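A.B. asks: Below is data_9.txt; it holds compact mmCIF, C-alpha atoms.
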```txt
# COMPACT_ATOMS: atom_id res chain seq x y z
CA MET A 927 0.31 24.53 -9.28
CA TYR A 928 0.79 20.75 -9.42
CA LYS A 929 -2.60 20.21 -11.06
CA ILE A 930 -1.63 22.61 -13.85
CA PHE A 931 1.69 20.77 -14.25
CA PHE A 932 -0.13 17.43 -14.29
CA ARG A 933 -2.50 18.61 -17.00
CA LEU A 934 0.24 20.16 -19.16
CA VAL A 935 3.01 17.58 -18.70
CA PHE A 936 2.22 14.29 -16.96
CA LYS A 937 -1.19 13.82 -18.59
CA ARG A 938 0.48 13.97 -22.01
CA LEU A 939 2.99 11.25 -21.12
CA ASP A 940 2.44 7.51 -20.99
CA PRO A 941 1.47 6.81 -17.34
CA GLU A 942 4.38 4.46 -16.70
CA GLN A 943 6.83 6.89 -18.30
CA ALA A 944 5.43 9.71 -16.14
CA HIS A 945 5.83 7.53 -13.05
CA HIS A 946 9.49 6.84 -13.76
CA LEU A 947 10.17 10.51 -14.49
CA ALA A 948 8.51 11.77 -11.31
CA PHE A 949 10.11 9.06 -9.17
CA ARG A 950 13.53 9.92 -10.58
CA TRP A 951 13.05 13.57 -9.59
CA ILE A 952 11.99 12.55 -6.09
CA ARG A 953 15.07 10.33 -5.65
CA LEU A 954 17.39 13.02 -6.97
CA ALA A 955 15.95 15.63 -4.59
CA ALA A 956 16.43 13.25 -1.65
CA ARG A 957 20.15 12.99 -2.46
CA VAL A 958 20.80 16.72 -2.08
CA PRO A 959 21.27 17.49 1.65
CA VAL A 960 20.04 21.09 1.78
CA LEU A 961 17.22 20.51 -0.67
CA ARG A 962 15.89 17.40 1.06
CA THR A 963 15.94 19.15 4.44
CA PHE A 964 13.96 22.06 3.01
CA LEU A 965 11.47 19.80 1.25
CA ALA A 966 10.95 17.60 4.31
CA ALA A 967 10.27 20.68 6.44
CA ALA A 968 7.75 21.96 3.89
CA LEU A 969 6.09 18.69 2.89
CA ALA A 970 6.38 16.53 6.01
CA PRO A 971 5.83 18.71 9.10
CA ARG A 972 5.31 16.68 12.26
CA HIS A 973 2.10 16.66 14.29
CA LYS A 974 2.78 15.22 17.74
CA GLU A 975 -0.87 14.34 18.22
CA LEU A 976 -0.70 11.97 15.23
CA ARG A 977 2.09 9.80 16.61
CA THR A 978 1.08 6.20 16.15
CA GLU A 979 2.08 2.85 17.59
CA ALA A 980 1.23 -0.15 15.48
CA LEU A 981 2.73 -3.60 14.96
CA GLY A 982 5.05 -2.87 17.87
CA LEU A 983 6.49 0.06 15.90
CA ARG A 984 6.45 3.79 16.51
CA MET A 985 5.60 6.12 13.63
CA HIS A 986 5.25 9.87 13.22
CA GLY A 987 1.71 9.30 11.97
CA PRO A 988 -0.63 6.69 10.50
CA PHE A 989 -0.27 7.58 6.81
CA GLY A 990 1.89 5.45 4.54
CA LEU A 991 2.68 4.70 0.93
CA ALA A 992 1.02 1.56 -0.39
CA ALA A 993 3.00 -1.10 -2.21
CA GLY A 994 3.43 -0.68 -5.95
CA PHE A 995 5.06 2.74 -6.14
CA ASP A 996 8.56 1.76 -5.00
CA LYS A 997 8.80 -1.84 -6.15
CA ASN A 998 12.54 -2.21 -5.70
CA ALA A 999 13.36 -0.20 -2.55
CA VAL A 1000 15.16 2.52 -4.51
CA GLY A 1001 13.35 5.60 -3.19
CA ILE A 1002 12.45 5.10 0.48
CA ASP A 1003 14.11 8.32 1.63
CA GLY A 1004 12.42 10.29 -1.13
CA MET A 1005 8.97 9.09 -0.18
CA ALA A 1006 9.62 9.79 3.51
CA MET A 1007 10.72 13.29 2.48
CA LEU A 1008 7.25 13.75 0.96
CA GLY A 1009 5.51 12.93 4.23
CA PHE A 1010 4.82 9.20 4.21
CA ASP A 1011 5.15 7.84 7.75
CA HIS A 1012 5.74 4.33 6.50
CA VAL A 1013 6.76 3.07 3.08
CA GLU A 1014 5.73 -0.34 1.83
CA ILE A 1015 8.03 -1.55 -0.94
CA GLY A 1016 7.28 -4.23 -3.50
CA THR A 1017 5.60 -6.35 -4.50
CA VAL A 1018 8.85 -8.36 -4.54
CA THR A 1019 8.91 -11.88 -5.96
CA GLY A 1020 11.29 -14.78 -5.36
CA GLU A 1021 12.90 -14.31 -8.78
CA PRO A 1022 13.34 -11.18 -10.94
CA GLN A 1023 10.68 -10.67 -13.58
CA PRO A 1024 9.89 -8.00 -16.20
CA GLY A 1025 6.16 -8.00 -15.61
CA ASN A 1026 3.49 -7.94 -18.26
CA PRO A 1027 3.91 -6.43 -21.74
CA LYS A 1028 3.43 -2.67 -22.06
CA GLN A 1029 1.11 -0.70 -22.12
CA ARG A 1030 0.11 -1.91 -18.67
CA LEU A 1031 -0.84 1.22 -16.75
CA PHE A 1032 -3.84 3.42 -17.58
CA ARG A 1033 -5.24 6.63 -16.10
CA LEU A 1034 -8.96 7.17 -15.63
CA VAL A 1035 -8.61 10.89 -14.99
CA LYS A 1036 -12.32 11.68 -14.70
CA ASP A 1037 -12.61 8.97 -12.07
CA ARG A 1038 -9.32 9.82 -10.31
CA ALA A 1039 -8.40 6.18 -10.78
CA LEU A 1040 -5.83 3.88 -12.34
CA ILE A 1041 -5.96 0.49 -14.01
CA ASN A 1042 -2.77 -1.52 -13.84
CA ARG A 1043 -1.67 -4.93 -14.98
CA MET A 1044 1.99 -4.45 -14.15
CA GLY A 1045 2.48 -8.10 -13.23
CA PHE A 1046 4.89 -7.71 -10.30
CA ASN A 1047 7.74 -6.26 -12.36
CA ASN A 1048 10.67 -6.17 -9.93
CA ASP A 1049 14.35 -7.01 -9.40
CA GLY A 1050 13.67 -10.12 -7.33
CA SER A 1051 14.10 -10.79 -3.64
CA LEU A 1052 17.87 -11.39 -3.73
CA ARG A 1053 18.70 -7.99 -5.27
CA VAL A 1054 16.13 -6.10 -3.21
CA ALA A 1055 17.43 -7.71 -0.01
CA ALA A 1056 20.98 -6.64 -0.91
CA ARG A 1057 19.75 -3.11 -1.58
CA LEU A 1058 18.01 -2.92 1.79
CA ALA A 1059 21.06 -4.38 3.56
CA SER A 1060 23.34 -1.70 2.11
CA ARG A 1061 20.94 1.20 2.67
CA THR A 1062 22.14 4.12 4.76
CA PRO A 1063 18.90 5.91 5.62
CA VAL A 1064 18.63 9.68 5.70
CA PHE A 1065 15.07 9.55 6.93
CA LYS A 1066 13.79 6.64 8.98
CA PRO A 1067 10.24 5.74 8.09
CA VAL A 1068 8.92 2.32 8.96
CA VAL A 1069 9.66 0.08 5.95
CA GLY A 1070 7.25 -2.69 5.06
CA VAL A 1071 8.13 -5.37 2.50
CA ASN A 1072 5.36 -6.81 0.35
CA ILE A 1073 6.06 -10.23 -1.20
CA GLY A 1074 4.25 -12.11 -3.96
CA LYS A 1075 4.50 -15.18 -6.17
CA THR A 1076 6.84 -15.36 -9.15
CA LYS A 1077 4.66 -15.70 -12.25
CA VAL A 1078 6.38 -18.79 -13.70
CA VAL A 1079 6.19 -20.68 -10.42
CA PRO A 1080 3.28 -23.18 -10.47
CA GLU A 1081 0.55 -22.63 -7.90
CA GLU A 1082 1.47 -25.87 -6.11
CA GLU A 1083 5.01 -24.50 -5.55
CA ALA A 1084 3.89 -21.07 -4.38
CA VAL A 1085 4.65 -21.69 -0.71
CA ALA A 1086 8.33 -22.38 -1.42
CA ASP A 1087 8.54 -19.25 -3.55
CA TYR A 1088 7.11 -17.05 -0.80
CA VAL A 1089 9.36 -18.72 1.77
CA LYS A 1090 12.42 -17.90 -0.33
CA SER A 1091 11.47 -14.21 -0.38
CA ALA A 1092 10.63 -14.18 3.32
CA GLU A 1093 13.98 -15.68 4.31
CA ARG A 1094 15.83 -13.13 2.21
CA LEU A 1095 13.83 -10.03 3.09
CA ALA A 1096 12.55 -10.47 6.66
CA PRO A 1097 15.87 -9.38 8.24
CA TYR A 1098 15.45 -5.93 6.66
CA ALA A 1099 11.68 -5.51 7.01
CA ASP A 1100 9.97 -3.61 9.80
CA TYR A 1101 6.95 -5.67 8.77
CA LEU A 1102 6.26 -8.27 6.09
CA VAL A 1103 3.16 -8.53 3.87
CA VAL A 1104 1.98 -11.62 2.02
CA ASN A 1105 0.24 -10.42 -1.14
CA VAL A 1106 -2.28 -12.96 -2.40
CA SER A 1107 -4.68 -10.44 -3.89
CA SER A 1108 -3.20 -8.93 -7.04
CA PRO A 1109 -5.32 -9.77 -10.10
CA ASN A 1110 -2.29 -9.61 -12.42
CA THR A 1111 -0.54 -12.90 -11.61
CA PRO A 1112 -2.50 -15.94 -12.84
CA GLY A 1113 -3.86 -18.06 -9.98
CA LEU A 1114 -2.63 -15.75 -7.25
CA ARG A 1115 -6.05 -14.89 -5.87
CA ASN A 1116 -6.79 -18.59 -5.45
CA LEU A 1117 -4.36 -18.45 -2.52
CA GLN A 1118 -6.87 -16.33 -0.58
CA ALA A 1119 -8.98 -19.43 0.04
CA THR A 1120 -8.36 -20.43 3.64
CA GLU A 1121 -7.34 -24.00 2.77
CA ALA A 1122 -4.48 -22.55 0.67
CA LEU A 1123 -3.82 -19.50 2.81
CA ARG A 1124 -3.32 -21.35 6.11
CA PRO A 1125 -0.23 -23.37 5.03
CA LEU A 1126 1.16 -20.39 3.14
CA LEU A 1127 1.00 -17.97 6.07
CA SER A 1128 2.26 -20.60 8.49
CA ALA A 1129 5.27 -21.33 6.28
CA VAL A 1130 6.09 -17.64 5.81
CA ARG A 1131 5.80 -17.08 9.56
CA GLU A 1132 8.25 -19.92 10.22
CA ALA A 1133 10.61 -18.64 7.53
CA ALA A 1134 10.64 -15.13 8.98
CA ASP A 1135 11.36 -16.56 12.43
CA ARG A 1136 14.30 -18.57 11.06
CA THR A 1137 16.20 -15.45 10.01
CA GLY A 1138 17.79 -15.22 13.42
CA SER A 1139 16.66 -11.68 14.09
CA ALA A 1140 16.30 -10.74 17.74
CA ARG A 1141 12.88 -9.29 17.02
CA ARG A 1142 9.77 -10.95 15.67
CA VAL A 1143 8.94 -9.45 12.29
CA PRO A 1144 5.20 -8.59 12.14
CA LEU A 1145 3.37 -10.50 9.40
CA LEU A 1146 0.31 -9.22 7.54
CA VAL A 1147 -1.79 -10.43 4.64
CA LYS A 1148 -3.25 -8.21 1.91
CA ILE A 1149 -6.69 -9.13 0.60
CA ALA A 1150 -8.84 -8.17 -2.38
CA PRO A 1151 -12.03 -6.09 -2.24
CA ASP A 1152 -13.68 -8.66 -4.49
CA LEU A 1153 -13.87 -11.33 -1.80
CA ALA A 1154 -17.40 -12.31 -0.80
CA ASP A 1155 -18.35 -11.22 2.70
CA GLU A 1156 -18.17 -14.77 4.04
CA ASP A 1157 -14.64 -15.09 2.65
CA VAL A 1158 -13.64 -11.82 4.34
CA ASP A 1159 -14.91 -13.34 7.59
CA ALA A 1160 -12.97 -16.53 6.94
CA VAL A 1161 -9.71 -14.63 6.38
CA ALA A 1162 -10.35 -12.61 9.55
CA ASP A 1163 -10.89 -15.77 11.57
CA LEU A 1164 -7.78 -17.38 10.09
CA ALA A 1165 -5.68 -14.31 10.91
CA VAL A 1166 -6.75 -14.54 14.55
CA GLU A 1167 -6.21 -18.31 14.63
CA LEU A 1168 -2.66 -17.99 13.26
CA ASP A 1169 -1.83 -15.04 15.50
CA LEU A 1170 -1.22 -12.88 12.44
CA ASP A 1171 -0.23 -9.28 13.16
CA GLY A 1172 -2.48 -7.57 10.64
CA ILE A 1173 -4.62 -7.45 7.52
CA ILE A 1174 -4.34 -4.88 4.73
CA ALA A 1175 -7.70 -4.06 3.17
CA THR A 1176 -7.77 -3.77 0.27
CA ASN A 1177 -5.89 -4.38 -2.97
CA THR A 1178 -7.20 -3.35 -6.41
CA THR A 1179 -10.50 -4.58 -7.83
CA ILE A 1180 -11.33 -6.40 -11.05
CA ALA A 1181 -14.87 -5.00 -10.91
CA ARG A 1182 -16.01 -2.33 -13.35
CA ASP A 1183 -19.80 -2.39 -13.09
CA GLY A 1184 -21.62 -0.46 -10.38
CA LEU A 1185 -18.73 1.91 -9.70
CA GLY A 1186 -20.17 4.91 -11.55
CA LEU A 1187 -17.15 5.24 -13.82
CA LYS A 1188 -17.14 8.35 -16.01
CA SER A 1189 -13.98 7.93 -18.10
CA ASP A 1190 -13.74 6.65 -21.67
CA PRO A 1191 -15.65 3.33 -21.67
CA THR A 1192 -12.96 1.72 -23.83
CA LEU A 1193 -10.64 1.93 -20.82
CA PHE A 1194 -13.00 -0.26 -18.80
CA GLU A 1195 -12.15 -3.13 -21.15
CA GLU A 1196 -8.50 -3.06 -20.11
CA THR A 1197 -7.71 -6.01 -17.88
CA GLY A 1198 -6.03 -5.40 -14.56
CA GLY A 1199 -6.73 -3.99 -11.13
CA LEU A 1200 -8.66 -0.77 -10.70
CA SER A 1201 -7.49 1.53 -7.91
CA GLY A 1202 -8.37 5.00 -6.74
CA ALA A 1203 -11.58 6.80 -5.87
CA PRO A 1204 -14.06 4.21 -7.27
CA LEU A 1205 -12.70 1.65 -4.78
CA LYS A 1206 -13.53 3.83 -1.78
CA GLU A 1207 -16.93 2.42 -0.83
CA ARG A 1208 -16.12 -1.29 -1.07
CA SER A 1209 -12.75 -0.93 0.63
CA LEU A 1210 -14.42 0.84 3.54
CA GLU A 1211 -17.09 -1.88 3.74
CA VAL A 1212 -14.45 -4.61 3.93
CA LEU A 1213 -12.57 -2.70 6.62
CA ARG A 1214 -15.70 -2.26 8.74
CA ARG A 1215 -16.49 -5.95 8.40
CA LEU A 1216 -12.98 -6.95 9.42
CA TYR A 1217 -12.99 -4.73 12.50
CA ALA A 1218 -16.41 -6.01 13.56
CA ARG A 1219 -14.93 -9.51 13.35
CA VAL A 1220 -11.49 -9.05 14.92
CA GLY A 1221 -11.76 -5.84 16.97
CA ASP A 1222 -8.43 -4.81 18.43
CA ARG A 1223 -6.89 -8.29 18.34
CA ILE A 1224 -4.93 -7.55 15.15
CA THR A 1225 -3.88 -4.39 13.32
CA LEU A 1226 -5.93 -3.33 10.31
CA VAL A 1227 -4.50 -1.19 7.51
CA GLY A 1228 -6.99 0.72 5.37
CA VAL A 1229 -6.10 1.31 1.72
CA GLY A 1230 -8.09 1.84 -1.45
CA GLY A 1231 -9.73 5.07 -2.56
CA ILE A 1232 -8.17 7.32 0.07
CA GLU A 1233 -7.98 10.77 -1.50
CA ASN A 1234 -8.00 13.22 1.40
CA ALA A 1235 -7.94 13.60 5.17
CA GLU A 1236 -11.65 12.88 5.49
CA ASP A 1237 -11.21 9.53 3.74
CA ALA A 1238 -8.30 8.68 6.04
CA TRP A 1239 -10.33 9.73 9.10
CA GLN A 1240 -13.25 7.54 8.04
CA ARG A 1241 -10.89 4.57 7.74
CA ILE A 1242 -9.61 5.16 11.25
CA LEU A 1243 -13.14 5.36 12.63
CA ALA A 1244 -13.91 2.12 10.74
CA GLY A 1245 -11.05 0.27 12.43
CA ALA A 1246 -7.80 1.11 10.65
CA THR A 1247 -4.81 1.87 12.83
CA LEU A 1248 -2.80 2.67 9.71
CA VAL A 1249 -3.91 4.02 6.34
CA GLN A 1250 -2.15 3.93 2.98
CA GLY A 1251 -2.47 5.61 -0.38
CA TYR A 1252 -0.99 5.56 -3.85
CA SER A 1253 -3.35 6.44 -6.71
CA ALA A 1254 -4.41 9.83 -5.34
CA PHE A 1255 -0.73 10.80 -5.08
CA ILE A 1256 -0.64 10.78 -8.89
CA TYR A 1257 -3.45 13.34 -9.01
CA GLU A 1258 -2.64 15.39 -5.90
CA GLY A 1259 1.14 15.66 -6.10
CA PRO A 1260 3.85 16.38 -3.52
CA PHE A 1261 1.71 18.31 -1.04
CA TRP A 1262 -0.67 15.39 -0.60
CA GLY A 1263 0.98 13.98 2.53
CA ARG A 1264 1.08 17.42 4.18
CA SER A 1265 -2.62 17.89 3.46
CA ILE A 1266 -3.53 14.47 4.89
CA HIS A 1267 -1.61 15.09 8.11
CA LYS A 1268 -2.96 18.60 8.60
CA GLY A 1269 -6.51 17.44 8.00
CA LEU A 1270 -6.21 14.46 10.34
CA ALA A 1271 -4.82 16.66 13.10
CA ALA A 1272 -7.73 19.08 12.65
CA ARG A 1273 -10.32 16.30 12.75
CA LEU A 1274 -8.79 14.76 15.86
CA ALA A 1275 -8.77 18.17 17.59
CA THR A 1276 -12.52 18.64 17.03
CA SER A 1277 -13.43 15.01 17.80
CA PRO A 1278 -14.40 13.54 21.17
CA TYR A 1279 -11.26 11.38 21.11
CA ALA A 1280 -8.09 12.25 23.01
CA THR A 1281 -5.84 10.25 20.70
CA LEU A 1282 -5.95 8.59 17.31
CA ALA A 1283 -5.84 5.22 19.06
CA ASP A 1284 -9.09 6.11 20.83
CA ALA A 1285 -10.72 6.84 17.47
CA VAL A 1286 -9.77 3.50 15.86
CA GLY A 1287 -12.97 1.55 15.23
CA ALA A 1288 -15.18 4.03 17.09
CA ASP A 1289 -17.92 4.05 14.45
CA VAL A 1290 -18.09 0.26 14.35
CA ARG A 1291 -18.25 -0.01 18.13
CA LYS A 1292 -21.19 2.40 18.18
CA THR A 1293 -23.24 0.08 15.99
CA ALA A 1294 -22.17 -3.17 17.65
```
Would you mind writing the file out in structure tokens?
C.D. replies:
Amino acid sequence: MYKIFFRLVFKRLDPEQAHHLAFRWIRLAARVPVLRTFLAAALAPRHKELRTEALGLRMHGPFGLAAGFDKNAVGIDGMAMLGFDHVEIGTVTGEPQPGNPKQRLFRLVKDRALINRMGFNNDGSLRVAARLASRTPVFKPVVGVNIGKTKVVPEEEAVADYVKSAERLAPYADYLVVNVSSPNTPGLRNLQATEALRPLLSAVREAADRTGSARRVPLLVKIAPDLADEDVDAVADLAVELDLDGIIATNTTIARDGLGLKSDPTLFEETGGLSGAPLKERSLEVLRRLYARVGDRITLVGVGGIENAEDAWQRILAGATLVQGYSAFIYEGPFWGRSIHKGLAARLATSPYATLADAVGADVRKTA
């Protein structure tokens, strides 16, 4: 049913316009008590065997919404209603910004992919923090907050910009993510180099600790799939050295060649990050490499090209305690979360593992 609707309605709309329309419907549904209860029962049934503990947090399952869908923390309940066990909002920057000029979002339907150059369009950390502070949750998913650099801030002042966001948002975050891997903010990916990343992560950690919260907010870093293998290793080693809580692998890619893309070639010329199915192989490679390097010392989050339960299961076997998706949601629709959970529960039941935690990294350990 959804695929017919997508083909007849959403596919005919500008992708960003379709996003806003669909997100508005989701938020409206979550505001109607009887309707949201019915939808949550239908779309987000619980599977006890999928209960997950990660980052010192308890979740109904390992499957979450990646950053980018709910940039301003306006639809957390709606996304939980659709079956996401955790919702990562953002990317939020120190100051509000409109993002890049439109058109800045493109569908590669034949490849089940997206290209975006949104440019961190968001309300800014002050407004988003106020929104989170005033939130009265209907559903209670784990809420992650993804922070990035304001575009107009020079690279040499990036640390202060991240610190500003961390101080404002950490009190309301179940976990905090430093995003240094979007290709759509000039110079941002330069911050992935360990000599720049070390002082940045250290400063954000100190800022989060200064908020006065009784709990230590877990801190993660999100990396690009385009890093060379030796740079992936360097980030892994740095994360362990700094006692980081986790790594999210991976963000979008700037690559186009070698991905077997089938869509209109003129789309490949659009600048921005490519997400969705073509990212699957490289994202999985990075995840395997990270787990081989860090093992169970820090939490790994697998994202990039996850379309179905089998993809999610392969990420868990490769070392991910948590998995996230976004692009496939556009193509699969509101029953996507239900399908992922049902499929994961079935795979766990027929596996040699008693729990999901036992399955984390199992494939990598076999080859070690």
A.B. asks: Need the shell around Asp1157 in chain A: protein/DNA/RNA residues with any atom at most 9 Å away, counting only C-alpha atoms. Skip same-chain ones fewer than 6 positions apart. Format as a PDB file with C-alpha atoms, keeping the file's coordinate frame?
C.D. replies:
```
ATOM      1  CA  GLN A1118      -6.870 -16.330  -0.580  1.00  0.00           C
ATOM      2  CA  ALA A1119      -8.980 -19.430   0.040  1.00  0.00           C
ATOM      3  CA  THR A1120      -8.360 -20.430   3.640  1.00  0.00           C
TER       4      THR A1120
END
```
A.B. asks: Show which residues sit within 10 Å of Glu979 in chain A, as a PyMOL selection string. Count all atoms listed in the file, and ignore same-chain residues fewer than 2 positions away.
C.D. replies: chain A and resi 976-977+981-988+1247-1248+1282-1283
A.B. asks: Within 9 Å of Arg1053 in chain A, counting all atoms listed in the file, which residues qualify if same-chain residues fewer than 5 places away don't, as a list in words?
C.D. replies: Asn998, Pro1022 and Leu1058 of chain A
A.B. asks: As a PDB file with C-alpha atoms, in the frame of the given file, please: the residues near range 940-944 of chain A (cut-off 9 Å, all atoms listed in the file, same-chain neighbours under 3 positions excluded).
C.D. replies:
```pdb
ATOM      1  CA  VAL A 935       3.010  17.580 -18.700  1.00  0.00           C
ATOM      2  CA  PHE A 936       2.220  14.290 -16.960  1.00  0.00           C
ATOM      3  CA  LYS A 937      -1.190  13.820 -18.590  1.00  0.00           C
ATOM      4  CA  LEU A 947      10.170  10.510 -14.490  1.00  0.00           C
ATOM      5  CA  ALA A 948       8.510  11.770 -11.310  1.00  0.00           C
ATOM      6  CA  PHE A 949      10.110   9.060  -9.170  1.00  0.00           C
ATOM      7  CA  LYS A1028       3.430  -2.670 -22.060  1.00  0.00           C
ATOM      8  CA  GLN A1029       1.110  -0.700 -22.120  1.00  0.00           C
ATOM      9  CA  ARG A1030       0.110  -1.910 -18.670  1.00  0.00           C
ATOM     10  CA  LEU A1031      -0.840   1.220 -16.750  1.00  0.00           C
ATOM     11  CA  PHE A1032      -3.840   3.420 -17.580  1.00  0.00           C
ATOM     12  CA  ARG A1033      -5.240   6.630 -16.100  1.00  0.00           C
TER      13      ARG A1033
END
```
A.B. asks: I need the residue nearest Arg1241 in chain A from this list: A:Ala1175, A:Ala1280, A:Val1166, A:Ala970. Use all atoms listed in the file for the distance.
C.D. replies: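 Under the stated criterion, the closest residue is A:Ala1175.
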A.B. asks: Which is closer to Leu961 in chain A than all the others in A:Pro1278, A:Gly1231, A:Gly1263, A:Gly1004, using only C-alpha atoms?
C.D. replies: A:Gly1004
A.B. asks: Just want the 9 Å neighbourhood of Arg1264 in chain A, counted on all atoms listed in the file, with same-chain residues fewer than 3 positions away dropped. Output as a list in words.
C.D. replies: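 Contacts, in chain order: Ala968, Leu969, Ala970, Pro971, Leu1008, Gly1009, Pro1260, Phe1261, His1267, Lys1268 and Gly1269 of chain A.
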A.B. asks: Which residue is closest to Arg933 in chain A? Choose from A:Tyr1279, A:Trp1262, A:Tyr1217, A:Tyr1257 and count only C-alpha atoms.
C.D. replies: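 Of A:Tyr1279, A:Trp1262, A:Tyr1217, A:Tyr1257, the one nearest Arg933 in chain A, counting only C-alpha atoms, is A:Tyr1257.
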A.B. asks: Once you count all atoms listed in the file, what closest atom pair and distance in Å to one decimal does each residue of range 1190-1283 of chain A within 9 Å of range 1109-1117 of chain A have, with rows by chain and rising residue number, as a tab-separated table?
C.D. replies:
```
residue	atom	partner	partner_atom	distance
A:Thr1197	CA	A:Asn1110	CA	8.5
A:Gly1198	CA	A:Asn1110	CA	6.0
A:Gly1199	CA	A:Pro1109	CA	6.0
```
A.B. asks: Closest to Asp1135 in chain A among A:Ile930, A:Ile1041, A:Leu1274, A:Leu1102, using all atoms listed in the file?
C.D. replies: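 Closest residue, counting all atoms listed in the file: A:Leu1102.
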A.B. asks: Distance CA of Ala993 in chain A-CA of Gln1240 in chain A, one decimal place?
C.D. replies: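 Answer for the CA of Ala993 in chain A to CA of Gln1240 in chain A separation: 21.1 Å.
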A.B. asks: Tell me which of A:Phe989, A:His1012, A:Pro1027, A:Ala1150 sits closest to Ala1238 in chain A, counting all atoms listed in the file.
C.D. replies: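 For Ala1238 in chain A, the nearest of the given residues is A:Phe989.
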A.B. asks: For each of A:Val1000, A:Ala966, A:Ile1266, A:Ala992, take the minimum atom-to-atom distance to Arg950 in chain A, counting all atoms listed in the file, then give the residue where this is smallest.
C.D. replies: A:Val1000
A.B. asks: Calculate how many Å separate CA of Asn1072 in chain A from CA of Ala1059 in chain A, rounding to one decimal.
C.D. replies: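 Atom-to-atom, CA of Asn1072 in chain A to CA of Ala1059 in chain A, that is 16.2 Å.
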A.B. asks: Rounded to one decimal in Å, what is the spacing between CA of Leu1153 in chain A and CA of Leu1205 in chain A?
C.D. replies: 13.4 Å
A.B. asks: Could I get range 1259-1263 of chain A rebuilt with all heavy atoms, written as a PDB file, keeping the file's coordinate frame?
C.D. replies:
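The result, stored in out_17.pdb:
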```
ATOM      1  N   GLY A1259      -0.211  15.151  -6.074  1.00  0.00           N
ATOM      2  CA  GLY A1259       1.140  15.660  -6.100  1.00  0.00           C
ATOM      3  C   GLY A1259       1.837  15.730  -4.754  1.00  0.00           C
ATOM      4  O   GLY A1259       1.365  15.162  -3.757  1.00  0.00           O
ATOM      5  N   PRO A1260       2.957  16.457  -4.682  1.00  0.00           N
ATOM      6  CA  PRO A1260       3.850  16.380  -3.520  1.00  0.00           C
ATOM      7  C   PRO A1260       3.301  16.954  -2.223  1.00  0.00           C
ATOM      8  O   PRO A1260       3.845  16.649  -1.157  1.00  0.00           O
ATOM      9  CB  PRO A1260       5.081  17.177  -3.985  1.00  0.00           C
ATOM     10  CG  PRO A1260       4.589  18.068  -5.072  1.00  0.00           C
ATOM     11  CD  PRO A1260       3.518  17.291  -5.760  1.00  0.00           C
ATOM     12  N   PHE A1261       2.264  17.760  -2.271  1.00  0.00           N
ATOM     13  CA  PHE A1261       1.710  18.310  -1.040  1.00  0.00           C
ATOM     14  C   PHE A1261       0.613  17.420  -0.438  1.00  0.00           C
ATOM     15  O   PHE A1261      -0.014  17.796   0.543  1.00  0.00           O
ATOM     16  CB  PHE A1261       1.150  19.723  -1.277  1.00  0.00           C
ATOM     17  CG  PHE A1261       2.209  20.781  -1.361  1.00  0.00           C
ATOM     18  CD1 PHE A1261       2.774  21.110  -2.580  1.00  0.00           C
ATOM     19  CD2 PHE A1261       2.674  21.420  -0.217  1.00  0.00           C
ATOM     20  CE1 PHE A1261       3.777  22.066  -2.672  1.00  0.00           C
ATOM     21  CE2 PHE A1261       3.670  22.391  -0.283  1.00  0.00           C
ATOM     22  CZ  PHE A1261       4.222  22.711  -1.516  1.00  0.00           C
ATOM     23  N   TRP A1262       0.414  16.261  -1.044  1.00  0.00           N
ATOM     24  CA  TRP A1262      -0.670  15.390  -0.600  1.00  0.00           C
ATOM     25  C   TRP A1262      -0.474  14.928   0.840  1.00  0.00           C
ATOM     26  O   TRP A1262      -1.386  14.995   1.660  1.00  0.00           O
ATOM     27  CB  TRP A1262      -0.760  14.173  -1.532  1.00  0.00           C
ATOM     28  CG  TRP A1262      -1.927  13.276  -1.288  1.00  0.00           C
ATOM     29  CD1 TRP A1262      -3.214  13.645  -1.023  1.00  0.00           C
ATOM     30  CD2 TRP A1262      -1.913  11.844  -1.303  1.00  0.00           C
ATOM     31  NE1 TRP A1262      -4.009  12.530  -0.897  1.00  0.00           N
ATOM     32  CE2 TRP A1262      -3.237  11.423  -1.058  1.00  0.00           C
ATOM     33  CE3 TRP A1262      -0.924  10.888  -1.515  1.00  0.00           C
ATOM     34  CZ2 TRP A1262      -3.576  10.063  -1.007  1.00  0.00           C
ATOM     35  CZ3 TRP A1262      -1.263   9.545  -1.481  1.00  0.00           C
ATOM     36  CH2 TRP A1262      -2.587   9.146  -1.221  1.00  0.00           C
ATOM     37  N   GLY A1263       0.718  14.450   1.178  1.00  0.00           N
ATOM     38  CA  GLY A1263       0.980  13.980   2.530  1.00  0.00           C
ATOM     39  C   GLY A1263       0.779  15.081   3.566  1.00  0.00           C
ATOM     40  O   GLY A1263       0.195  14.855   4.631  1.00  0.00           O
TER      41      GLY A1263
END
```
